[in-house]
file protein_7.pdb (PDB, C-alpha atoms)
ATOM      1  CA  MET A1096     -50.194 152.486-111.144  1.00  0.00           C
ATOM      2  CA  THR A1097     -48.264 155.402-112.613  1.00  0.00           C
ATOM      3  CA  GLN A1098     -45.431 157.193-110.853  1.00  0.00           C
ATOM      4  CA  VAL A1099     -47.688 160.193-110.227  1.00  0.00           C
ATOM      5  CA  ASP A1100     -50.391 157.937-108.752  1.00  0.00           C
ATOM      6  CA  ALA A1101     -47.782 156.359-106.474  1.00  0.00           C
ATOM      7  CA  LEU A1102     -46.593 159.795-105.338  1.00  0.00           C
ATOM      8  CA  ILE A1103     -50.173 160.895-104.671  1.00  0.00           C
ATOM      9  CA  GLU A1104     -50.811 157.809-102.590  1.00  0.00           C
ATOM     10  CA  ARG A1105     -47.568 158.319-100.635  1.00  0.00           C
ATOM     11  CA  TRP A1106     -48.510 161.975-100.010  1.00  0.00           C
ATOM     12  CA  ARG A1107     -51.983 160.970 -98.829  1.00  0.00           C
ATOM     13  CA  GLN A1108     -50.233 158.696 -96.316  1.00  0.00           C
ATOM     14  CA  GLY A1109     -48.137 161.624 -95.065  1.00  0.00           C
ATOM     15  CA  ASP A1110     -44.856 161.259 -97.003  1.00  0.00           C
ATOM     16  CA  GLU A1111     -43.668 164.861 -97.360  1.00  0.00           C
ATOM     17  CA  ARG A1112     -40.962 163.855 -99.848  1.00  0.00           C
ATOM     18  CA  ALA A1113     -43.736 162.637-102.180  1.00  0.00           C
ATOM     19  CA  ALA A1114     -45.431 166.051-101.941  1.00  0.00           C
ATOM     20  CA  GLU A1115     -42.132 167.736-102.787  1.00  0.00           C
ATOM     21  CA  LEU A1116     -41.661 165.451-105.798  1.00  0.00           C
ATOM     22  CA  LEU A1117     -45.210 166.155-107.012  1.00  0.00           C
ATOM     23  CA  TYR A1118     -44.584 169.878-106.657  1.00  0.00           C
ATOM     24  CA  ASN A1119     -41.275 169.745-108.522  1.00  0.00           C
ATOM     25  CA  THR A1120     -42.691 167.511-111.256  1.00  0.00           C
ATOM     26  CA  HIS A1121     -45.653 169.768-112.028  1.00  0.00           C
ATOM     27  CA  GLN A1122     -44.307 173.230-111.224  1.00  0.00           C
ATOM     28  CA  GLY A1123     -42.908 173.920-114.712  1.00  0.00           C
ATOM     29  CA  ARG A1124     -46.094 173.077-116.598  1.00  0.00           C
ATOM     30  CA  ALA A1125     -48.278 174.965-114.120  1.00  0.00           C
ATOM     31  CA  TYR A1126     -46.038 178.010-114.475  1.00  0.00           C
ATOM     32  CA  ARG A1127     -46.027 177.856-118.293  1.00  0.00           C
ATOM     33  CA  LEU A1128     -49.820 177.606-118.341  1.00  0.00           C
ATOM     34  CA  ALA A1129     -50.177 180.527-115.919  1.00  0.00           C
ATOM     35  CA  TYR A1130     -47.669 182.563-117.903  1.00  0.00           C
ATOM     36  CA  GLY A1131     -49.536 181.864-121.127  1.00  0.00           C
ATOM     37  CA  LEU A1132     -52.776 183.048-119.538  1.00  0.00           C
ATOM     38  CA  LEU A1133     -51.415 186.030-117.624  1.00  0.00           C
ATOM     39  CA  GLY A1134     -48.402 187.123-119.682  1.00  0.00           C
ATOM     40  CA  HIS A1135     -46.591 188.356-116.564  1.00  0.00           C
ATOM     41  CA  ALA A1136     -43.799 186.336-114.920  1.00  0.00           C
ATOM     42  CA  ALA A1137     -44.298 187.330-111.288  1.00  0.00           C
ATOM     43  CA  ASP A1138     -48.071 186.861-111.437  1.00  0.00           C
ATOM     44  CA  ALA A1139     -47.640 183.530-113.213  1.00  0.00           C
ATOM     45  CA  GLU A1140     -45.232 182.326-110.506  1.00  0.00           C
ATOM     46  CA  GLU A1141     -47.694 183.356-107.819  1.00  0.00           C
ATOM     47  CA  ALA A1142     -50.679 181.717-109.554  1.00  0.00           C
ATOM     48  CA  ALA A1143     -48.764 178.486-110.237  1.00  0.00           C
ATOM     49  CA  GLN A1144     -47.458 178.294-106.686  1.00  0.00           C
ATOM     50  CA  ASP A1145     -50.916 178.985-105.292  1.00  0.00           C
ATOM     51  CA  ALA A1146     -52.450 176.296-107.522  1.00  0.00           C
ATOM     52  CA  LEU A1147     -49.848 173.707-106.563  1.00  0.00           C
ATOM     53  CA  THR A1148     -50.139 174.518-102.872  1.00  0.00           C
ATOM     54  CA  TYR A1149     -53.922 174.254-103.035  1.00  0.00           C
ATOM     55  CA  ALA A1150     -53.691 170.933-104.904  1.00  0.00           C
ATOM     56  CA  LEU A1151     -51.280 169.441-102.392  1.00  0.00           C
ATOM     57  CA  VAL A1152     -53.159 170.677 -99.322  1.00  0.00           C
ATOM     58  CA  ASN A1153     -56.426 169.389-100.802  1.00  0.00           C
ATOM     59  CA  ILE A1154     -55.069 166.140-102.264  1.00  0.00           C
ATOM     60  CA  HIS A1155     -57.956 164.288-100.568  1.00  0.00           C
ATOM     61  CA  ARG A1156     -60.299 166.036-103.048  1.00  0.00           C
ATOM     62  CA  TYR A1157     -58.480 164.662-106.094  1.00  0.00           C
ATOM     63  CA  ASP A1158     -60.371 161.842-107.825  1.00  0.00           C
ATOM     64  CA  ALA A1159     -58.351 159.928-110.420  1.00  0.00           C
ATOM     65  CA  ARG A1160     -61.581 158.552-111.929  1.00  0.00           C
ATOM     66  CA  ARG A1161     -62.654 162.051-112.998  1.00  0.00           C
ATOM     67  CA  ALA A1162     -59.380 163.418-114.420  1.00  0.00           C
ATOM     68  CA  SER A1163     -55.642 162.992-114.431  1.00  0.00           C
ATOM     69  CA  PHE A1164     -53.698 164.849-111.751  1.00  0.00           C
ATOM     70  CA  SER A1165     -52.283 167.158-114.416  1.00  0.00           C
ATOM     71  CA  THR A1166     -55.750 168.041-115.695  1.00  0.00           C
ATOM     72  CA  TRP A1167     -57.007 168.622-112.148  1.00  0.00           C
ATOM     73  CA  LEU A1168     -54.013 170.839-111.397  1.00  0.00           C
ATOM     74  CA  HIS A1169     -54.514 172.809-114.624  1.00  0.00           C
ATOM     75  CA  THR A1170     -58.165 173.346-113.680  1.00  0.00           C
ATOM     76  CA  ILE A1171     -56.994 174.886-110.415  1.00  0.00           C
ATOM     77  CA  THR A1172     -54.312 176.897-112.236  1.00  0.00           C
ATOM     78  CA  VAL A1173     -56.832 178.362-114.705  1.00  0.00           C
ATOM     79  CA  SER A1174     -59.073 179.301-111.772  1.00  0.00           C
ATOM     80  CA  ARG A1175     -56.183 181.018-109.958  1.00  0.00           C
ATOM     81  CA  CYS A1176     -55.279 182.915-113.145  1.00  0.00           C
ATOM     82  CA  ARG A1177     -58.870 184.082-113.553  1.00  0.00           C
ATOM     83  CA  ASP A1178     -58.832 185.310-109.958  1.00  0.00           C
ATOM     84  CA  LYS A1179     -55.535 187.110-110.497  1.00  0.00           C
ATOM     85  CA  ARG A1180     -56.724 188.781-113.692  1.00  0.00           C
ATOM     86  CA  ARG A1181     -59.907 189.920-111.963  1.00  0.00           C
ATOM     87  CA  ARG A1182     -57.936 191.455-109.104  1.00  0.00           C
ATOM     88  CA  LYS A1183     -55.736 193.670-111.222  1.00  0.00           C
ATOM     89  CA  LEU A1184     -55.020 194.821-114.714  1.00  0.00           C
ATOM     90  CA  LEU A1185     -51.891 193.039-115.859  1.00  0.00           C
ATOM     91  CA  PRO A1186     -49.270 194.573-118.142  1.00  0.00           C
ATOM     92  CA  ARG A1187     -49.084 193.307-121.710  1.00  0.00           C
ATOM     93  CA  LEU A1188     -46.032 191.384-122.887  1.00  0.00           C
ATOM     94  CA  SER A1189     -44.728 190.850-126.380  1.00  0.00           C
ATOM     95  CA  LEU A1190     -44.932 187.362-127.848  1.00  0.00           C
ATOM     96  CA  THR A1191     -41.160 187.499-128.338  1.00  0.00           C
ATOM     97  CA  ALA A1192     -40.571 187.798-124.606  1.00  0.00           C
ATOM     98  CA  TRP A1193     -43.198 185.140-123.965  1.00  0.00           C
ATOM     99  CA  LEU A1194     -41.599 182.705-126.364  1.00  0.00           C
ATOM    100  CA  GLN A1195     -38.134 183.404-124.977  1.00  0.00           C
ATOM    101  CA  LYS A1196     -39.318 181.964-121.676  1.00  0.00           C
ATOM    102  CA  GLY A1197     -38.889 178.494-123.092  1.00  0.00           C
ATOM    103  CA  MET A1198     -40.676 178.131-126.395  1.00  0.00           C
ATOM    104  CA  ASP A1199     -38.356 179.968-128.771  1.00  0.00           C
ATOM    105  CA  VAL A1200     -35.418 178.160-130.337  1.00  0.00           C
ATOM    106  CA  ALA A1201     -32.723 180.435-131.691  1.00  0.00           C
ATOM    107  CA  ASP A1202     -31.822 180.207-135.357  1.00  0.00           C
ATOM    108  CA  PRO A1203     -28.218 178.946-135.643  1.00  0.00           C
ATOM    109  CA  ASN A1204     -27.745 181.293-138.644  1.00  0.00           C
ATOM    110  CA  PRO A1205     -29.556 184.437-137.567  1.00  0.00           C
ATOM    111  CA  ASP A1206     -30.668 186.950-140.186  1.00  0.00           C
ATOM    112  CA  PRO A1207     -31.168 190.363-138.520  1.00  0.00           C
ATOM    113  CA  GLU A1208     -33.847 191.486-140.991  1.00  0.00           C
ATOM    114  CA  GLY A1209     -35.661 188.181-140.751  1.00  0.00           C
ATOM    115  CA  GLU A1210     -35.454 188.195-136.957  1.00  0.00           C
ATOM    116  CA  THR A1211     -36.898 191.693-136.819  1.00  0.00           C
ATOM    117  CA  ALA A1212     -39.791 190.751-139.089  1.00  0.00           C
ATOM    118  CA  VAL A1213     -40.577 187.583-137.116  1.00  0.00           C
ATOM    119  CA  SER A1214     -40.296 189.536-133.853  1.00  0.00           C
ATOM    120  CA  GLU A1215     -42.822 192.086-135.095  1.00  0.00           C
ATOM    121  CA  ILE A1216     -45.225 189.359-136.219  1.00  0.00           C
ATOM    122  CA  ARG A1217     -44.906 187.555-132.877  1.00  0.00           C
ATOM    123  CA  SER A1218     -45.647 190.786-131.081  1.00  0.00           C
ATOM    124  CA  GLN A1219     -48.752 191.360-133.218  1.00  0.00           C
ATOM    125  CA  VAL A1220     -49.916 187.780-132.661  1.00  0.00           C
ATOM    126  CA  TRP A1221     -49.352 188.017-128.913  1.00  0.00           C
ATOM    127  CA  GLN A1222     -51.287 191.278-128.724  1.00  0.00           C
ATOM    128  CA  ALA A1223     -54.095 189.725-130.747  1.00  0.00           C
ATOM    129  CA  VAL A1224     -54.222 186.670-128.443  1.00  0.00           C
ATOM    130  CA  GLN A1225     -54.243 188.915-125.372  1.00  0.00           C
ATOM    131  CA  SER A1226     -57.106 190.975-126.842  1.00  0.00           C
ATOM    132  CA  LEU A1227     -59.363 187.914-127.097  1.00  0.00           C
ATOM    133  CA  PRO A1228     -62.142 187.565-124.538  1.00  0.00           C
ATOM    134  CA  PRO A1229     -60.865 185.474-121.584  1.00  0.00           C
ATOM    135  CA  PRO A1230     -62.760 182.262-122.526  1.00  0.00           C
ATOM    136  CA  TYR A1231     -61.239 182.291-126.039  1.00  0.00           C
ATOM    137  CA  ARG A1232     -57.773 183.226-124.783  1.00  0.00           C
ATOM    138  CA  GLU A1233     -57.924 180.394-122.244  1.00  0.00           C
ATOM    139  CA  ALA A1234     -58.979 177.942-124.948  1.00  0.00           C
ATOM    140  CA  ILE A1235     -56.148 178.954-127.319  1.00  0.00           C
ATOM    141  CA  VAL A1236     -53.514 178.824-124.571  1.00  0.00           C
ATOM    142  CA  LEU A1237     -54.720 175.487-123.200  1.00  0.00           C
ATOM    143  CA  ARG A1238     -54.870 173.927-126.656  1.00  0.00           C
ATOM    144  CA  TYR A1239     -51.707 175.252-128.268  1.00  0.00           C
ATOM    145  CA  TRP A1240     -49.460 176.376-125.418  1.00  0.00           C
ATOM    146  CA  ALA A1241     -50.248 173.702-122.824  1.00  0.00           C
ATOM    147  CA  GLY A1242     -51.048 170.994-125.408  1.00  0.00           C
ATOM    148  CA  HIS A1243     -54.307 169.763-123.881  1.00  0.00           C
ATOM    149  CA  THR A1244     -56.841 167.666-125.723  1.00  0.00           C
ATOM    150  CA  TYR A1245     -60.374 168.971-126.095  1.00  0.00           C
ATOM    151  CA  ARG A1246     -61.543 166.461-123.483  1.00  0.00           C
ATOM    152  CA  GLU A1247     -58.961 167.738-120.988  1.00  0.00           C
ATOM    153  CA  MET A1248     -59.920 171.306-121.850  1.00  0.00           C
ATOM    154  CA  SER A1249     -63.566 170.535-121.128  1.00  0.00           C
ATOM    155  CA  VAL A1250     -62.623 169.346-117.647  1.00  0.00           C
ATOM    156  CA  ILE A1251     -60.332 172.322-116.976  1.00  0.00           C
ATOM    157  CA  LEU A1252     -62.779 174.903-118.318  1.00  0.00           C
ATOM    158  CA  LYS A1253     -65.803 173.090-116.873  1.00  0.00           C
ATOM    159  CA  CYS A1254     -67.646 173.002-120.173  1.00  0.00           C
ATOM    160  CA  PRO A1255     -68.739 170.332-122.670  1.00  0.00           C
ATOM    161  CA  VAL A1256     -66.179 169.157-125.272  1.00  0.00           C
ATOM    162  CA  PRO A1257     -68.086 170.860-128.127  1.00  0.00           C
ATOM    163  CA  THR A1258     -67.911 174.154-126.211  1.00  0.00           C
ATOM    164  CA  ALA A1259     -64.117 173.819-125.869  1.00  0.00           C
ATOM    165  CA  GLN A1260     -63.874 173.091-129.594  1.00  0.00           C
ATOM    166  CA  SER A1261     -66.131 176.011-130.390  1.00  0.00           C
ATOM    167  CA  ARG A1262     -64.068 178.412-128.268  1.00  0.00           C
ATOM    168  CA  VAL A1263     -60.900 177.472-130.144  1.00  0.00           C
ATOM    169  CA  ARG A1264     -62.682 177.848-133.489  1.00  0.00           C
ATOM    170  CA  LEU A1265     -64.185 181.203-132.516  1.00  0.00           C
ATOM    171  CA  ALA A1266     -60.840 182.414-131.181  1.00  0.00           C
ATOM    172  CA  PHE A1267     -59.207 181.635-134.508  1.00  0.00           C
ATOM    173  CA  LYS A1268     -62.070 183.366-136.310  1.00  0.00           C
ATOM    174  CA  GLN A1269     -61.460 186.523-134.280  1.00  0.00           C
ATOM    175  CA  LEU A1270     -57.698 186.257-134.797  1.00  0.00           C
ATOM    176  CA  ARG A1271     -58.206 185.860-138.573  1.00  0.00           C
ATOM    177  CA  ALA A1272     -60.156 189.112-138.577  1.00  0.00           C
ATOM    178  CA  VAL A1273     -57.240 191.108-137.143  1.00  0.00           C
ATOM    179  CA  LEU A1274     -54.153 189.257-138.377  1.00  0.00           C
ATOM    180  CA  GLU A1275     -52.610 188.824-141.782  1.00  0.00           C
ATOM    181  CA  PRO A1276     -52.410 185.248-143.168  1.00  0.00           C
ATOM    182  CA  ALA A1277     -48.624 185.174-142.555  1.00  0.00           C
ATOM    183  CA  ASP A1278     -49.222 186.157-138.932  1.00  0.00           C
ATOM    184  CA  LEU A1279     -51.670 183.281-138.513  1.00  0.00           C
ATOM    185  CA  ALA A1280     -49.057 180.866-139.826  1.00  0.00           C
ATOM    186  CA  VAL A1281     -46.691 182.123-137.106  1.00  0.00           C
ATOM    187  CA  LEU A1282     -49.461 181.684-134.533  1.00  0.00           C
ATOM    188  CA  GLU A1283     -50.102 178.108-135.565  1.00  0.00           C
ATOM    189  CA  GLN A1284     -46.374 177.299-135.520  1.00  0.00           C
ATOM    190  CA  GLN A1285     -45.473 179.095-132.299  1.00  0.00           C
ATOM    191  CA  LEU A1286     -48.462 178.525-130.054  1.00  0.00           C
TER     192      LEU A1286
END
call {"tool": "encode", "arguments": {"input": "protein_7.pdb", "output": "structure tokens"}}
result
Amino acid sequence: MTQVDALIERWRQGDERAAELLYNTHQGRAYRLAYGLLGHAADAEEAAQDALTYALVNIHRYDARRASFSTWLHTITVSRCRDKRRRKLLPRLSLTAWLQKGMDVADPNPDPEGETAVSEIRSQVWQAVQSLPPPYREAIVLRYWAGHTYREMSVILKCPVPTAQSRVRLAFKQLRAVLEPADLAVLEQQL
């Protein structure tokens, strides 16, 4: 039995400390996934919090035989992000700002010209990712930002594994059509 499984069992038996530990353990990843899908910090916080709250209140619905807790939580998070996006038009955010939220590592020997060029490319890549149809954007973010396998993606997106693979492939095809080859290299490195 894993630590997460033990916490789930303790929470099912009414141990509120276990629920708090589950929340704290998974909050960061849920937020990063929501932020990758929504591109807006406040909306991502709200979606992640809503997903975690739903998961904890409905812990009796979780079935470890069907998916890991993380995969189940990410399924809920993707659903909450879809709902949020449907409810309002969200502002766009540059990839630079997105990456600075935890994915960007500063160069110890910064080159101002090089930083400017990379910043512009990241911005173009981010805009291109955000312009993808939602199913393709979700697939790219789940695969490269959240690091899910295709099997996990199929559970989260509620589609067959080949469909998840196809969405990633088609997303890259659309990105190739609008981005320069150097920009795609940045995408593959940074996402």
call {"tool": "resolve_selection", "arguments": {"input": "protein_7.pdb", "expression": "the PyMOL selection byres ((chain A and resi 1124-1130) around 8)", "output": "JSON, numbers by chain"}}
result
{"A": [1121, 1122, 1123, 1131, 1132, 1133, 1134, 1135, 1136, 1138, 1139, 1140, 1142, 1143, 1144, 1146, 1147, 1168, 1169, 1172, 1173, 1176, 1193, 1236, 1237, 1240, 1241]}
call {"tool": "residues_around", "arguments": {"input": "protein_7.pdb", "residues": "Ile1103 (chain A)", "least_positions_apart": "5", "cutoff": "12 Å", "atoms": "all atoms listed in the file", "output": "PyMOL selection string"}}
result
chain A and resi 1096-1098+1108-1118+1120+1150-1159+1163-1165
call {"tool": "residues_around", "arguments": {"input": "protein_7.pdb", "residues": "Ala1234 (chain A)", "least_positions_apart": "2", "cutoff": "9 Å", "atoms": "all atoms listed in the file", "output": "ChimeraX atom specification"}}
result
/A:1229-1232,1236-1239,1248,1252,1259-1260,1262-1263,1266
call {"tool": "closest_residue", "arguments": {"input": "protein_7.pdb", "among": "A:Arg1161, A:Arg1177, A:Arg1107, A:Arg1271", "to": "Val1250 (chain A)", "atoms": "all atoms listed in the file"}}
result
A:Arg1161
call {"tool": "atom_distance", "arguments": {"input": "protein_7.pdb", "atom1": "CA of Asn1119 (chain A)", "atom2": "CA of His1243 (chain A)"}}
result
20.1 Å
call {"tool": "closest_residue", "arguments": {"input": "protein_7.pdb", "among": "A:Asp1100, A:Ala1162, A:Arg1105, A:Arg1217", "to": "Glu1247 (chain A)", "atoms": "all atoms listed in the file"}}
result
A:Ala1162
call {"tool": "atom_distance", "arguments": {"input": "protein_7.pdb", "atom1": "CA of Val1099 (chain A)", "atom2": "CA of Ala1137 (chain A)"}}
result
27.4 Å
call {"tool": "residues_around", "arguments": {"input": "protein_7.pdb", "residues": "Pro1255 (chain A)", "least_positions_apart": "6", "cutoff": "10 Å", "atoms": "all atoms listed in the file", "output": "list in words"}}
result
Tyr1245, Arg1246, Met1248, Ser1249 and Ser1261 of chain A
call {"tool": "atom_distance", "arguments": {"input": "protein_7.pdb", "atom1": "CA of Ser1226 (chain A)", "atom2": "CA of Arg1175 (chain A)"}}
result
19.6 Å
